[in-house]
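Asks: Take this structure first; my questions come after.
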Amino acid sequence: MPKKVEYYASMNGKDFILLKTIDNDIDPKDEKVQIKDFSAEILPTEAQYIKVKPTISGNFRSGIREPEGSLYFIDEISAK
């Protein structure tokens, strides 16, 4: 799981502003299968683009560094 997730917004797809950072409070050594909801309450914002950026923890549970190019998959994004 990521250490944190950052949410950005942009009107042009090039210049993004940071809206919110959500820290992960799950212990990386916890071996239970878990789903973490990184939802955020954000003030009304006008944007055409949303960027979701996970910060990689750097370690698997076994303590081995994640290989470069590791991927995180986001299942669902909802903007209301």
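Simple scheme: letters A, B, ... for chains in structure tokens order, numbers from 1 for residues in each chain, numbers from 1 for ligands in the order shown.
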Within 7 Å of A:Lys53, counting only C-alpha atoms, which residues show up once you throw out same-chain ones fewer than 6 positions away? Write them as a VMD selection string, please.
Replies: chain A and resid 5 to 7
Asks: Which polymer residues have any atom within 10 Å of an atom of A:Glu46, counting only C-alpha atoms, with same-chain residues fewer than 5 positions away left out, as number ranges by chain?
Replies: A: 9-11
Asks: Write out as an MDAnalysis selection string all residues of chain A that backbone DSSP assigns to strand (DSSP E or B).
Replies: chainID A and resid 4:10 17:23 49:55 59 65
Asks: With only C-alpha atoms as the atoms that count, which of A:Gln34, A:Gln48, A:Ser39, A:Ser78 lies nearest to A:Phe16?
Replies: A:Gln48
Asks: Using only C-alpha atoms, which residue out of A:Ala79, A:Asp23, A:Pro28, A:Lys4 lies closest to A:Ile42?
Replies: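 Nearest to A:Ile42: A:Ala79.
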Asks: Kindly give the distance, in Å, that separates atom CA of A:Lys80 and atom CA of A:Pro44, rounded to a single decimal.
Replies: 9.2 Å
